[in-house]
>>> print(open('input-v7.cif').read())   # mmCIF, C-alpha atoms
data_work
#
loop_
_atom_site.group_PDB
_atom_site.id
_atom_site.type_symbol
_atom_site.label_atom_id
_atom_site.label_comp_id
_atom_site.auth_asym_id
_atom_site.auth_seq_id
_atom_site.Cartn_x
_atom_site.Cartn_y
_atom_site.Cartn_z
ATOM 1 C CA MET A 1 24.559 -3.986 22.663
ATOM 2 C CA LYS A 2 21.860 -1.742 21.231
ATOM 3 C CA LYS A 3 20.685 -4.541 18.933
ATOM 4 C CA ALA A 4 20.483 -6.966 21.844
ATOM 5 C CA ALA A 5 18.475 -4.463 23.895
ATOM 6 C CA ALA A 6 16.128 -3.799 20.966
ATOM 7 C CA ALA A 7 15.623 -7.546 20.450
ATOM 8 C CA ALA A 8 14.923 -8.081 24.163
ATOM 9 C CA LEU A 9 12.386 -5.236 24.228
ATOM 10 C CA SER A 10 10.727 -6.573 21.091
ATOM 11 C CA LEU A 11 10.459 -10.055 22.625
ATOM 12 C CA LEU A 12 8.858 -8.555 25.722
ATOM 13 C CA ILE A 13 6.359 -6.660 23.557
ATOM 14 C CA TRP A 14 5.516 -9.815 21.604
ATOM 15 C CA CYS A 15 4.915 -11.829 24.756
ATOM 16 C CA GLY A 16 2.769 -9.170 26.408
ATOM 17 C CA GLY A 17 0.945 -8.301 23.205
ATOM 18 C CA TRP A 18 0.114 -11.889 22.271
ATOM 19 C CA VAL A 19 -1.225 -12.707 25.735
ATOM 20 C CA TRP A 20 -3.307 -9.534 25.786
ATOM 21 C CA PHE A 21 -4.573 -10.075 22.238
ATOM 22 C CA SER A 22 -5.602 -13.666 23.023
ATOM 23 C CA LEU A 23 -7.453 -12.654 26.183
ATOM 24 C CA GLY A 24 -8.961 -9.596 24.531
ATOM 25 C CA GLY A 25 -9.995 -11.594 21.472
ATOM 26 C CA LEU A 26 -11.728 -14.140 23.694
ATOM 27 C CA CYS A 27 -13.562 -11.331 25.490
ATOM 28 C CA LEU A 28 -14.674 -9.882 22.144
ATOM 29 C CA LEU A 29 -15.997 -13.274 21.073
ATOM 30 C CA LEU A 30 -17.985 -13.616 24.292
ATOM 31 C CA ILE A 31 -19.262 -10.038 24.110
ATOM 32 C CA GLY A 32 -20.254 -10.553 20.486
ATOM 33 C CA VAL A 33 -22.481 -13.466 21.479
ATOM 34 C CA PHE A 34 -24.551 -11.373 23.877
ATOM 35 C CA ARG A 35 -24.007 -7.741 22.968
ATOM 36 C CA ALA A 36 -23.556 -5.724 19.782
ATOM 37 C CA GLY A 37 -23.633 -2.093 18.714
ATOM 38 C CA ALA A 38 -21.863 0.626 20.688
ATOM 39 C CA PHE A 39 -20.868 -1.694 23.549
ATOM 40 C CA PHE A 40 -18.961 -4.029 21.222
ATOM 41 C CA GLU A 41 -17.361 -1.093 19.393
ATOM 42 C CA THR A 42 -16.097 0.361 22.665
ATOM 43 C CA TRP A 43 -14.408 -2.919 23.577
ATOM 44 C CA LEU A 44 -12.971 -3.373 20.077
ATOM 45 C CA LYS A 45 -11.405 0.077 20.006
ATOM 46 C CA GLY A 46 -10.265 -0.350 23.596
ATOM 47 C CA LEU A 47 -8.501 -3.622 22.778
ATOM 48 C CA CYS A 48 -6.724 -2.079 19.789
ATOM 49 C CA ARG A 49 -5.839 1.056 21.748
ATOM 50 C CA SER A 50 -4.285 -1.041 24.527
ATOM 51 C CA LEU A 51 -2.361 -3.253 22.078
ATOM 52 C CA VAL A 52 -0.931 -0.194 20.357
ATOM 53 C CA TRP A 53 0.072 1.135 23.788
ATOM 54 C CA ILE A 54 1.739 -2.182 24.725
ATOM 55 C CA CYS A 55 3.789 -1.923 21.527
ATOM 56 C CA GLY A 56 4.984 1.521 22.610
ATOM 57 C CA ILE A 57 3.317 3.256 19.665
ATOM 58 C CA ARG A 58 2.201 6.862 20.112
ATOM 59 C CA VAL A 59 -0.454 7.830 17.556
ATOM 60 C CA THR A 60 -1.509 11.331 16.574
ATOM 61 C CA VAL A 61 -4.669 11.668 14.474
ATOM 62 C CA SER A 62 -5.409 14.626 12.205
ATOM 63 C CA GLY A 63 -8.086 15.410 9.601
ATOM 64 C CA LYS A 64 -11.073 14.095 11.559
ATOM 65 C CA GLU A 65 -13.116 16.922 10.099
ATOM 66 C CA ASN A 66 -12.883 15.181 6.697
ATOM 67 C CA PHE A 67 -14.935 12.271 8.032
ATOM 68 C CA ASP A 68 -18.736 12.596 8.141
ATOM 69 C CA PRO A 69 -20.082 10.064 10.698
ATOM 70 C CA GLY A 70 -23.437 10.084 8.905
ATOM 71 C CA ARG A 71 -21.956 8.716 5.668
ATOM 72 C CA GLN A 72 -20.585 5.375 4.545
ATOM 73 C CA TYR A 73 -17.163 5.270 2.898
ATOM 74 C CA LEU A 74 -14.770 2.852 1.308
ATOM 75 C CA LEU A 75 -11.621 3.494 3.320
ATOM 76 C CA MET A 76 -8.140 2.995 1.898
ATOM 77 C CA LEU A 77 -5.062 2.677 4.125
ATOM 78 C CA ASN A 78 -1.423 2.226 3.140
ATOM 79 C CA HIS A 79 -0.156 -1.206 4.206
ATOM 80 C CA VAL A 80 3.095 -1.027 6.150
ATOM 81 C CA ASN A 81 3.316 -3.734 8.804
ATOM 82 C CA ILE A 82 1.528 -6.352 10.911
ATOM 83 C CA LEU A 83 0.228 -3.672 13.281
ATOM 84 C CA ASP A 84 -1.768 -1.730 10.683
ATOM 85 C CA ALA A 85 -5.164 -3.123 11.708
ATOM 86 C CA PHE A 86 -4.657 -2.232 15.364
ATOM 87 C CA VAL A 87 -3.519 1.303 14.534
ATOM 88 C CA PHE A 88 -6.511 1.654 12.217
ATOM 89 C CA TYR A 89 -9.174 0.606 14.730
ATOM 90 C CA ARG A 90 -7.486 2.638 17.462
ATOM 91 C CA SER A 91 -7.425 5.782 15.283
ATOM 92 C CA PHE A 92 -10.383 5.820 12.879
ATOM 93 C CA PRO A 93 -13.109 8.054 14.354
ATOM 94 C CA GLY A 94 -16.107 6.060 13.075
ATOM 95 C CA LYS A 95 -17.420 2.511 12.908
ATOM 96 C CA ALA A 96 -15.644 0.378 10.352
ATOM 97 C CA ARG A 97 -14.829 -3.158 9.326
ATOM 98 C CA GLY A 98 -12.218 -4.531 6.988
ATOM 99 C CA ILE A 99 -12.063 -6.353 3.682
ATOM 100 C CA GLU A 100 -9.738 -9.303 4.316
ATOM 101 C CA GLU A 101 -8.130 -12.087 2.327
ATOM 102 C CA GLU A 102 -10.371 -15.109 2.866
ATOM 103 C CA SER A 103 -7.476 -17.309 4.047
ATOM 104 C CA HIS A 104 -7.131 -15.089 7.152
ATOM 105 C CA PHE A 105 -10.440 -16.460 8.405
ATOM 106 C CA ASN A 106 -8.752 -19.839 8.946
ATOM 107 C CA TRP A 107 -6.036 -18.477 11.262
ATOM 108 C CA PRO A 108 -6.216 -19.508 14.952
ATOM 109 C CA VAL A 109 -7.732 -16.875 17.283
ATOM 110 C CA TYR A 110 -7.415 -14.079 14.738
ATOM 111 C CA GLY A 111 -9.721 -15.836 12.274
ATOM 112 C CA TRP A 112 -12.338 -16.424 14.962
ATOM 113 C CA VAL A 113 -12.230 -12.798 16.053
ATOM 114 C CA ILE A 114 -12.542 -11.244 12.592
ATOM 115 C CA ARG A 115 -15.351 -13.622 11.653
ATOM 116 C CA ARG A 116 -17.337 -12.588 14.716
ATOM 117 C CA MET A 117 -16.516 -8.926 14.149
ATOM 118 C CA GLY A 118 -18.090 -8.987 10.714
ATOM 119 C CA GLN A 119 -15.027 -8.568 8.515
ATOM 120 C CA ILE A 120 -15.711 -9.349 4.857
ATOM 121 C CA PRO A 121 -13.691 -12.062 3.068
ATOM 122 C CA VAL A 122 -12.528 -11.640 -0.514
ATOM 123 C CA SER A 123 -10.370 -13.763 -2.768
ATOM 124 C CA ARG A 124 -7.128 -12.233 -4.007
ATOM 125 C CA LYS A 125 -6.890 -14.790 -6.791
ATOM 126 C CA SER A 126 -7.634 -13.575 -10.289
ATOM 127 C CA GLY A 127 -10.512 -14.748 -12.391
ATOM 128 C CA ILE A 128 -14.153 -15.608 -11.853
ATOM 129 C CA LYS A 129 -13.804 -16.470 -8.161
ATOM 130 C CA ALA A 130 -12.313 -13.076 -7.372
ATOM 131 C CA MET A 131 -15.103 -11.221 -9.195
ATOM 132 C CA GLU A 132 -17.757 -13.286 -7.436
ATOM 133 C CA SER A 133 -16.203 -12.522 -4.049
ATOM 134 C CA LEU A 134 -16.176 -8.795 -4.887
ATOM 135 C CA ARG A 135 -19.867 -8.898 -5.773
ATOM 136 C CA ARG A 136 -20.658 -10.685 -2.510
ATOM 137 C CA ALA A 137 -18.601 -8.134 -0.617
ATOM 138 C CA ALA A 138 -20.444 -5.257 -2.306
ATOM 139 C CA GLU A 139 -23.805 -6.748 -1.337
ATOM 140 C CA LEU A 140 -22.726 -7.141 2.290
ATOM 141 C CA ILE A 141 -21.476 -3.559 2.348
ATOM 142 C CA ARG A 142 -24.841 -2.300 1.082
ATOM 143 C CA GLN A 143 -26.556 -4.155 3.918
ATOM 144 C CA LYS A 144 -24.321 -2.638 6.607
ATOM 145 C CA LYS A 145 -24.900 1.046 5.989
ATOM 146 C CA ASP A 146 -23.804 2.042 9.497
ATOM 147 C CA TYR A 147 -20.265 0.895 8.749
ATOM 148 C CA SER A 148 -17.502 2.077 6.480
ATOM 149 C CA PHE A 149 -15.195 -0.599 5.076
ATOM 150 C CA MET A 150 -11.430 -0.537 4.809
ATOM 151 C CA VAL A 151 -9.239 -2.028 2.097
ATOM 152 C CA LEU A 152 -5.467 -2.023 1.651
ATOM 153 C CA PRO A 153 -5.002 -0.903 -1.970
ATOM 154 C CA GLU A 154 -1.421 -2.194 -2.169
ATOM 155 C CA GLY A 155 -2.600 -5.677 -1.244
ATOM 156 C CA THR A 156 0.628 -6.478 0.588
ATOM 157 C CA ARG A 157 2.997 -4.831 3.031
ATOM 158 C CA SER A 158 5.587 -2.376 1.771
ATOM 159 C CA ARG A 159 9.053 -3.858 1.274
ATOM 160 C CA ASP A 160 10.944 -0.603 1.815
ATOM 161 C CA GLY A 161 8.522 1.843 3.438
ATOM 162 C CA LYS A 162 7.561 3.338 0.095
ATOM 163 C CA LEU A 163 4.078 3.204 -1.399
ATOM 164 C CA GLY A 164 3.642 0.030 -3.423
ATOM 165 C CA PRO A 165 1.627 -0.408 -6.646
ATOM 166 C CA PHE A 166 -2.143 -0.257 -6.210
ATOM 167 C CA LYS A 167 -4.300 -3.224 -7.158
ATOM 168 C CA LYS A 168 -7.671 -2.845 -8.862
ATOM 169 C CA GLY A 169 -9.762 -4.903 -6.425
ATOM 170 C CA GLY A 170 -10.539 -2.152 -3.935
ATOM 171 C CA PHE A 171 -11.343 0.312 -6.685
ATOM 172 C CA LEU A 172 -13.675 -2.141 -8.424
ATOM 173 C CA LEU A 173 -15.416 -2.533 -5.068
ATOM 174 C CA ALA A 174 -15.737 1.246 -4.781
ATOM 175 C CA LEU A 175 -17.343 1.406 -8.234
ATOM 176 C CA GLU A 176 -19.625 -1.535 -7.424
ATOM 177 C CA THR A 177 -20.897 0.108 -4.228
ATOM 178 C CA GLY A 178 -20.796 3.713 -5.459
ATOM 179 C CA LEU A 179 -19.146 4.828 -2.213
ATOM 180 C CA ASP A 180 -16.720 7.709 -1.940
ATOM 181 C CA ILE A 181 -13.135 6.716 -1.171
ATOM 182 C CA LEU A 182 -11.671 8.127 2.047
ATOM 183 C CA PRO A 183 -7.845 7.919 2.023
ATOM 184 C CA LEU A 184 -6.207 7.168 5.376
ATOM 185 C CA VAL A 185 -2.460 7.703 5.492
ATOM 186 C CA GLN A 186 -0.106 6.467 8.193
ATOM 187 C CA LYS A 187 3.403 7.890 8.496
ATOM 188 C CA GLY A 188 6.216 6.513 10.622
ATOM 189 C CA ALA A 189 4.926 2.943 10.857
ATOM 190 C CA TYR A 190 7.839 1.499 8.848
ATOM 191 C CA LEU A 191 10.300 2.536 11.566
ATOM 192 C CA ILE A 192 8.303 0.517 14.112
ATOM 193 C CA ASN A 193 7.965 -2.758 12.230
ATOM 194 C CA ARG A 194 8.660 -3.858 8.682
ATOM 195 C CA ARG A 195 8.087 -6.777 6.388
ATOM 196 C CA GLN A 196 10.196 -9.905 6.997
ATOM 197 C CA SER A 197 11.113 -8.710 10.489
ATOM 198 C CA LEU A 198 9.589 -9.566 13.865
ATOM 199 C CA LEU A 199 11.363 -6.685 15.555
ATOM 200 C CA ILE A 200 9.005 -4.080 17.029
ATOM 201 C CA ARG A 201 10.537 -0.712 17.877
ATOM 202 C CA PRO A 202 8.406 1.718 19.926
ATOM 203 C CA GLY A 203 7.821 5.000 18.119
ATOM 204 C CA LYS A 204 5.352 7.525 16.738
ATOM 205 C CA VAL A 205 2.762 7.124 13.967
ATOM 206 C CA GLU A 206 0.885 9.967 12.306
ATOM 207 C CA PHE A 207 -2.598 8.915 11.166
ATOM 208 C CA LEU A 208 -4.064 11.299 8.579
ATOM 209 C CA VAL A 209 -7.700 11.357 7.441
ATOM 210 C CA GLU A 210 -7.716 12.955 3.988
ATOM 211 C CA LYS A 211 -10.658 14.452 2.088
ATOM 212 C CA PRO A 212 -13.035 11.950 0.447
ATOM 213 C CA ILE A 213 -12.771 11.280 -3.286
ATOM 214 C CA SER A 214 -15.990 10.751 -5.242
ATOM 215 C CA THR A 215 -16.265 7.767 -7.573
ATOM 216 C CA LYS A 216 -18.898 9.509 -9.710
ATOM 217 C CA GLY A 217 -17.869 9.747 -13.341
ATOM 218 C CA PHE A 218 -15.549 6.771 -13.074
ATOM 219 C CA SER A 219 -16.116 3.285 -14.494
ATOM 220 C CA ARG A 220 -14.119 0.175 -15.329
ATOM 221 C CA GLU A 221 -13.014 1.905 -18.525
ATOM 222 C CA ASN A 222 -11.260 4.763 -16.719
ATOM 223 C CA ILE A 223 -10.524 3.064 -13.403
ATOM 224 C CA ALA A 224 -6.816 3.801 -13.873
ATOM 225 C CA GLU A 225 -7.604 7.516 -13.542
ATOM 226 C CA LEU A 226 -9.392 6.908 -10.243
ATOM 227 C CA MET A 227 -6.475 4.841 -8.979
ATOM 228 C CA GLU A 228 -4.021 7.569 -9.901
ATOM 229 C CA LYS A 229 -6.171 10.242 -8.256
ATOM 230 C CA VAL A 230 -6.250 8.334 -4.966
ATOM 231 C CA ARG A 231 -2.573 7.414 -5.197
ATOM 232 C CA SER A 232 -1.600 11.078 -5.595
ATOM 233 C CA VAL A 233 -3.135 11.795 -2.178
ATOM 234 C CA PHE A 234 -0.937 9.180 -0.506
ATOM 235 C CA LEU A 235 2.154 10.410 -2.354
ATOM 236 C CA LYS A 236 1.790 13.802 -0.688
ATOM 237 C CA HIS A 237 2.791 12.106 2.565
ATOM 238 C CA VAL A 238 4.746 8.942 1.670
ATOM 239 C CA GLU A 239 7.146 8.179 -1.171
#
>>> encode(input="input-v7.cif", output="structure tokens")
Amino acid sequence: MKKAAAAALSLLIWCGGWVWFSLGGLCLLLIGVFRAGAFFETWLKGLCRSLVWICGIRVTVSGKENFDPGRQYLLMLNHVNILDAFVFYRSFPGKARGIEEESHFNWPVYGWVIRRMGQIPVSRKSGIKAMESLRRAAELIRQKKDYSFMVLPEGTRSRDGKLGPFKKGGFLLALETGLDILPLVQKGAYLINRRQSLLIRPGKVEFLVEKPISTKGFSRENIAELMEKVRSVFLKHVE
């Protein structure tokens, strides 16, 4: 009985959330044509805040004092479920955009929205194409100094709620841009939704803004040390 009730509630959330996301995404596209800056940001955060609310997610944010709104960061967030982006934009105190797999830009509705928002595409394939996409991403980041940029260092959603292995791409981008890394940790998200499941369970997420980590003194030769230093911050909160 409990499973049936949970499935029914999840279906209701999906229906309401998808309709609201589609309408909100269309509004963002129209706003983006005529308006930019603070007005667009207000609508973007408002859309994400409302979607998180529709999903029954209560978010508490701590560590805002670790974020300097006058600085640009490379943000790193642990990747738990399909709702991560909405929780991020609802919770992060500054202006930010994401680094996304280039195939996402071909998705219906979502691809249109992120393209207009100014998300940056990168290739997750190895080799020359991936390095070229990282260099293009670094150049775009340098041009948009008013924005911080978020990457998901695990590259894929957690299978069991634990912290997955980190990939080098985001750290190479940090070295290429010279930006400090600002770790963002979310706790409790795995209980709400998990990989290979469409079930959404209302619940609470803690969103933690940790202290920034400088990339000075690090290079490709000792990038593993930088990765381990950042990973240790996440491991204080998640397994």
>>> residues_around(input="input-v7.cif", residues="region 73-89 of chain A", least_positions_apart="4", cutoff="8 Å", atoms="all atoms listed in the file", output="ChimeraX atom specification")
/A:44-45,48-49,51-52,59,96,147-158,161,163,174,179-186,189-190,193-195,234
>>> closest_residue(input="input-v7.cif", among="A:Phe105, A:Phe21, A:Phe171, A:Phe218", to="Gly46 (chain A)", atoms="all atoms listed in the file")
A:Phe21
>>> resolve_selection(input="input-v7.cif", expression="the PyMOL selection byres ((chain A and resi 121) around 7)", output="NGL selection string")
:A and (99-102 or 119-120 or 122-123)
>>> atom_distance(input="input-v7.cif", atom1="CA of Lys168 (chain A)", atom2="CA of Glu65 (chain A)")
27.9 Å
>>> resolve_selection(input="input-v7.cif", expression="the PyMOL selection byres ((chain A and resi 211) around 6)", output="MDAnalysis selection string")
chainID A and resid 66 210 212
>>> resolve_selection(input="input-v7.cif", expression="the PyMOL selection byres ((chain A and resi 140) around 12)", output="list in words")
Arg97, Gly98, Ile99, Gly118, Gln119, Ile120, Pro121, Val122, Ser133, Leu134, Arg135, Arg136, Ala137, Ala138, Glu139, Ile141, Arg142, Gln143, Lys144, Lys145, Asp146, Tyr147, Ser148, Phe149, Leu173, Glu176 and Thr177 of chain A
>>> closest_residue(input="input-v7.cif", among="A:Phe40, A:Trp18, A:Phe207, A:Phe34", to="Lys95 (chain A)", atoms="all atoms listed in the file")
A:Phe40
>>> closest_residue(input="input-v7.cif", among="A:Ala224, A:Cys27, A:Leu11, A:Leu191", to="Leu172 (chain A)", atoms="all atoms listed in the file")
A:Ala224
>>> decode(input="input-v7.cif", residues="region 86-135 of chain A", atoms="C-alpha atoms", output="JSON list (two decimals), in the first residue's frame")
[["chain", "number", "residue", "atom", "x", "y", "z"],
["A", 86, "PHE", "CA", 17.26, 22.62, -10.02],
["A", 87, "VAL", "CA", 18.51, 22.32, -6.45],
["A", 88, "PHE", "CA", 21.74, 24.03, -7.50],
["A", 89, "TYR", "CA", 20.14, 27.07, -9.15],
["A", 90, "ARG", "CA", 17.61, 27.34, -6.32],
["A", 91, "SER", "CA", 20.36, 27.29, -3.66],
["A", 92, "PHE", "CA", 23.57, 28.84, -5.01],
["A", 93, "PRO", "CA", 23.78, 32.46, -3.78],
["A", 94, "GLY", "CA", 25.46, 33.93, -6.87],
["A", 95, "LYS", "CA", 25.16, 33.96, -10.65],
["A", 96, "ALA", "CA", 26.29, 30.75, -12.27],
["A", 97, "ARG", "CA", 26.01, 28.59, -15.35],
["A", 98, "GLY", "CA", 26.85, 24.97, -15.94],
["A", 99, "ILE", "CA", 29.31, 22.93, -17.96],
["A", 100, "GLU", "CA", 27.16, 20.34, -19.75],
["A", 101, "GLU", "CA", 27.67, 17.31, -21.96],
["A", 102, "GLU", "CA", 27.19, 18.60, -25.51],
["A", 103, "SER", "CA", 24.54, 15.96, -26.33],
["A", 104, "HIS", "CA", 22.20, 17.60, -23.78],
["A", 105, "PHE", "CA", 21.88, 20.58, -26.11],
["A", 106, "ASN", "CA", 19.93, 18.37, -28.54],
["A", 107, "TRP", "CA", 17.24, 17.40, -26.00],
["A", 108, "PRO", "CA", 13.72, 18.79, -26.57],
["A", 109, "VAL", "CA", 12.83, 21.83, -24.42],
["A", 110, "TYR", "CA", 15.73, 21.31, -22.04],
["A", 111, "GLY", "CA", 18.30, 21.76, -24.80],
["A", 112, "TRP", "CA", 16.65, 24.96, -25.98],
["A", 113, "VAL", "CA", 16.56, 26.37, -22.47],
["A", 114, "ILE", "CA", 20.19, 25.65, -21.57],
["A", 115, "ARG", "CA", 21.40, 26.99, -24.91],
["A", 116, "ARG", "CA", 19.61, 30.28, -24.32],
["A", 117, "MET", "CA", 20.77, 30.39, -20.71],
["A", 118, "GLY", "CA", 24.40, 30.29, -21.76],
["A", 119, "GLN", "CA", 25.42, 26.86, -20.51],
["A", 120, "ILE", "CA", 28.75, 25.69, -21.92],
["A", 121, "PRO", "CA", 28.96, 22.42, -23.90],
["A", 122, "VAL", "CA", 31.88, 20.05, -23.51],
["A", 123, "SER", "CA", 32.61, 16.63, -24.95],
["A", 124, "ARG", "CA", 32.99, 13.76, -22.49],
["A", 125, "LYS", "CA", 34.75, 11.66, -25.10],
["A", 126, "SER", "CA", 38.47, 11.19, -24.67],
["A", 127, "GLY", "CA", 41.07, 12.45, -27.07],
["A", 128, "ILE", "CA", 41.64, 15.56, -29.14],
["A", 129, "LYS", "CA", 37.97, 16.55, -29.36],
["A", 130, "ALA", "CA", 37.61, 16.58, -25.58],
["A", 131, "MET", "CA", 40.71, 18.76, -25.12],
["A", 132, "GLU", "CA", 39.52, 21.18, -27.79],
["A", 133, "SER", "CA", 36.13, 21.48, -26.11],
["A", 134, "LEU", "CA", 37.83, 22.18, -22.76],
["A", 135, "ARG", "CA", 39.90, 24.96, -24.32]]
